[in-house]
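Below you'll find the structure, written out as structure tokens, and then a few comments.
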Amino acid sequence: MKKEFRIKKNNDFQAVFKKGRSTANRQFIVYVLKKEGQASFRIGLSVSKKIGNAVTRNRIKRYIRQSFFEMKEGLTEGNDYVIIARKPAAEMDFFEVKKSLAHVLKLAKVLKRNFPVDNDL
């Protein structure tokens, strides 16, 4: 993912946690903070060691990044997102991760309601 789409600094994470609003389902917690004057969205990922080993954590992060990349047209621009993965995400494949993320983003009212989440290739 390109540099302008990432949140890397601790201060940015803390700002989203403190000022943003959170929405959750069984697999993910999503914090959303509206940023005025920001052209595109940015995402930060948090996958704890409780989820699994490094291979599992990196796979989950890869799935989340790809899901956001595929849903970027349906997302509200100018927001910062911090996604925290929960334990059940470790057993999910890519399509389940994408569907679950779309669900929690719709609950947070940042993904267009009629945005298609296709599961067939």
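Scheme for the structure tokens: letters A, B, ... for chains in order shown; per-chain residue numbers from 1; ligand numbers from 1 in order shown.
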
(request) Just the residues within 8 Å of range 80-95 of chain A, please, counting only C-alpha atoms, with nothing from its chain fewer than 4 positions along; format it as an MDAnalysis selection string. (result) chainID A and resid 7 13 16 26:35 41:48 50:52 56:57 60 63 99 119

(request) Determine which residues of range 45-117 of chain A receive a DSSP assignment of strand (DSSP E), computed from the backbone, and state them as a list in words. (result)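 DSSP on the backbone gives strand (DSSP E) at Leu45, Ser46, Asn79, Asp80, Tyr81, Val82, Ile83, Ile84 and Ala85 of chain A.
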
Next, write the just-selected residues to a file, as a compact mmCIF listing (two decimals), in the first residue's frame, keeping N, CA and C atoms as the atom set.
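Done, and the output landed in result-v3.txt:
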# COMPACT_ATOMS: atom_id res chain seq x y z
N LEU A 45 -3.09 -0.65 10.93
CA LEU A 45 -3.47 -2.01 11.30
C LEU A 45 -2.85 -2.38 12.63
N SER A 46 -3.62 -3.10 13.44
CA SER A 46 -3.12 -3.62 14.69
C SER A 46 -3.55 -5.08 14.80
N ASN A 79 -10.88 10.13 5.65
CA ASN A 79 -10.96 9.53 6.97
C ASN A 79 -9.68 8.78 7.30
N ASP A 80 -9.39 8.67 8.59
CA ASP A 80 -8.35 7.77 9.07
C ASP A 80 -9.05 6.56 9.69
N TYR A 81 -8.58 5.37 9.34
CA TYR A 81 -9.15 4.14 9.87
C TYR A 81 -8.06 3.37 10.61
N VAL A 82 -8.39 2.87 11.79
CA VAL A 82 -7.51 1.94 12.49
C VAL A 82 -8.31 0.66 12.67
N ILE A 83 -7.76 -0.44 12.15
CA ILE A 83 -8.43 -1.73 12.21
C ILE A 83 -7.68 -2.62 13.20
N ILE A 84 -8.42 -3.15 14.16
CA ILE A 84 -7.85 -4.09 15.13
C ILE A 84 -8.48 -5.45 14.86
N ALA A 85 -7.63 -6.44 14.61
CA ALA A 85 -8.12 -7.79 14.34
C ALA A 85 -8.35 -8.53 15.66

(request) From a DSSP pass on the backbone, collect the residues of range 29-117 of chain A flagged as helix (DSSP H, G or I) and hand them back as number ranges by chain. (result) A: 54-74, 87-91, 94-107

Those same residues, written as a CSV table (one decimal), in the first residue's frame with N, CA and C atoms?
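File written: result36.csv
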chain,number,residue,atom,x,y,z
A,54,ALA,N,3.9,-15.0,13.5
A,54,ALA,CA,4.1,-13.9,12.5
A,54,ALA,C,3.5,-14.2,11.2
A,55,VAL,N,3.5,-15.4,10.7
A,55,VAL,CA,3.0,-15.8,9.4
A,55,VAL,C,1.5,-15.5,9.4
A,56,THR,N,0.8,-15.9,10.5
A,56,THR,CA,-0.7,-15.6,10.6
A,56,THR,C,-1.0,-14.2,10.6
A,57,ARG,N,-0.2,-13.4,11.5
A,57,ARG,CA,-0.5,-12.0,11.6
A,57,ARG,C,-0.3,-11.2,10.3
A,58,ASN,N,0.8,-11.6,9.6
A,58,ASN,CA,1.1,-10.9,8.3
A,58,ASN,C,0.1,-11.3,7.2
A,59,ARG,N,-0.5,-12.5,7.3
A,59,ARG,CA,-1.5,-12.9,6.3
A,59,ARG,C,-2.8,-12.1,6.6
A,60,ILE,N,-3.1,-11.9,7.8
A,60,ILE,CA,-4.3,-11.1,8.1
A,60,ILE,C,-4.2,-9.7,7.7
A,61,LYS,N,-3.0,-9.1,7.9
A,61,LYS,CA,-2.7,-7.7,7.5
A,61,LYS,C,-2.8,-7.6,6.0
A,62,ARG,N,-2.2,-8.6,5.3
A,62,ARG,CA,-2.3,-8.6,3.8
A,62,ARG,C,-3.7,-8.6,3.3
A,63,TYR,N,-4.5,-9.5,4.0
A,63,TYR,CA,-6.0,-9.6,3.6
A,63,TYR,C,-6.7,-8.3,3.8
A,64,ILE,N,-6.4,-7.6,4.9
A,64,ILE,CA,-7.1,-6.4,5.3
A,64,ILE,C,-6.7,-5.3,4.3
A,65,ARG,N,-5.4,-5.2,4.0
A,65,ARG,CA,-4.9,-4.2,3.0
A,65,ARG,C,-5.6,-4.4,1.6
A,66,GLN,N,-5.6,-5.7,1.2
A,66,GLN,CA,-6.2,-5.9,-0.1
A,66,GLN,C,-7.7,-5.7,-0.1
A,67,SER,N,-8.4,-6.0,1.0
A,67,SER,CA,-9.8,-5.7,1.0
A,67,SER,C,-10.1,-4.2,0.9
A,68,PHE,N,-9.3,-3.4,1.7
A,68,PHE,CA,-9.4,-1.9,1.6
A,68,PHE,C,-9.1,-1.4,0.2
A,69,PHE,N,-8.1,-2.0,-0.5
A,69,PHE,CA,-7.8,-1.6,-1.8
A,69,PHE,C,-8.9,-1.8,-2.8
A,70,GLU,N,-9.6,-3.0,-2.6
A,70,GLU,CA,-10.7,-3.3,-3.5
A,70,GLU,C,-12.0,-2.5,-3.2
A,71,MET,N,-12.1,-2.1,-1.9
A,71,MET,CA,-13.3,-1.3,-1.6
A,71,MET,C,-13.1,0.2,-1.6
A,72,LYS,N,-12.0,0.7,-2.1
A,72,LYS,CA,-11.6,2.1,-1.9
A,72,LYS,C,-12.6,3.0,-2.6
A,73,GLU,N,-13.3,2.6,-3.7
A,73,GLU,CA,-14.2,3.5,-4.3
A,73,GLU,C,-15.5,3.7,-3.5
A,74,GLY,N,-15.8,2.7,-2.6
A,74,GLY,CA,-17.0,2.8,-1.8
A,74,GLY,C,-16.8,3.5,-0.4
A,87,LYS,N,-9.4,-12.4,17.5
A,87,LYS,CA,-9.0,-13.8,17.4
A,87,LYS,C,-9.6,-14.6,16.3
A,88,PRO,N,-11.0,-14.5,16.1
A,88,PRO,CA,-11.6,-15.3,15.0
A,88,PRO,C,-11.1,-15.0,13.6
A,89,ALA,N,-10.4,-13.8,13.4
A,89,ALA,CA,-9.9,-13.5,12.1
A,89,ALA,C,-8.8,-14.4,11.6
A,90,ALA,N,-8.1,-15.1,12.6
A,90,ALA,CA,-7.0,-16.0,12.2
A,90,ALA,C,-7.4,-17.1,11.4
A,91,GLU,N,-8.7,-17.6,11.5
A,91,GLU,CA,-9.1,-18.8,10.8
A,91,GLU,C,-9.8,-18.4,9.5
A,94,PHE,N,-9.5,-15.0,2.6
A,94,PHE,CA,-9.6,-13.6,2.1
A,94,PHE,C,-11.0,-13.1,2.0
A,95,PHE,N,-11.9,-14.0,1.4
A,95,PHE,CA,-13.3,-13.5,1.1
A,95,PHE,C,-14.1,-13.3,2.4
A,96,GLU,N,-13.8,-14.1,3.4
A,96,GLU,CA,-14.5,-13.9,4.7
A,96,GLU,C,-14.0,-12.7,5.3
A,97,VAL,N,-12.7,-12.4,5.2
A,97,VAL,CA,-12.2,-11.1,5.8
A,97,VAL,C,-12.8,-9.9,5.1
A,98,LYS,N,-12.9,-10.0,3.8
A,98,LYS,CA,-13.4,-8.8,3.0
A,98,LYS,C,-14.9,-8.6,3.4
A,99,LYS,N,-15.7,-9.7,3.5
A,99,LYS,CA,-17.1,-9.6,3.8
A,99,LYS,C,-17.3,-9.1,5.2
A,100,SER,N,-16.5,-9.5,6.2
A,100,SER,CA,-16.6,-9.1,7.6
A,100,SER,C,-16.2,-7.6,7.7
A,101,LEU,N,-15.1,-7.2,7.0
A,101,LEU,CA,-14.7,-5.8,7.0
A,101,LEU,C,-15.8,-4.9,6.3
A,102,ALA,N,-16.4,-5.4,5.2
A,102,ALA,CA,-17.5,-4.6,4.6
A,102,ALA,C,-18.6,-4.4,5.6
A,103,HIS,N,-18.9,-5.5,6.3
A,103,HIS,CA,-20.0,-5.4,7.3
A,103,HIS,C,-19.7,-4.4,8.4
A,104,VAL,N,-18.6,-4.4,9.0
A,104,VAL,CA,-18.3,-3.5,10.0
A,104,VAL,C,-18.1,-2.0,9.5
A,105,LEU,N,-17.7,-1.9,8.3
A,105,LEU,CA,-17.6,-0.5,7.7
A,105,LEU,C,-19.0,0.0,7.4
A,106,LYS,N,-19.9,-0.9,7.0
A,106,LYS,CA,-21.3,-0.4,6.8
A,106,LYS,C,-21.9,0.0,8.1
A,107,LEU,N,-21.6,-0.8,9.2
A,107,LEU,CA,-22.1,-0.4,10.5
A,107,LEU,C,-21.6,0.9,10.9

(request) Could you tell me how far CA of Ser40 in chain A lies from CA of Glu4 in chain A, in Å and to one decimal? (result) 7.9 Å

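The coordinates place CA of Arg21 in chain A at 15.6 Å from CA of Glu36 in chain A.
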
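The space between CA of Thr76 in chain A and CA of Leu111 in chain A spans 6.5 Å.
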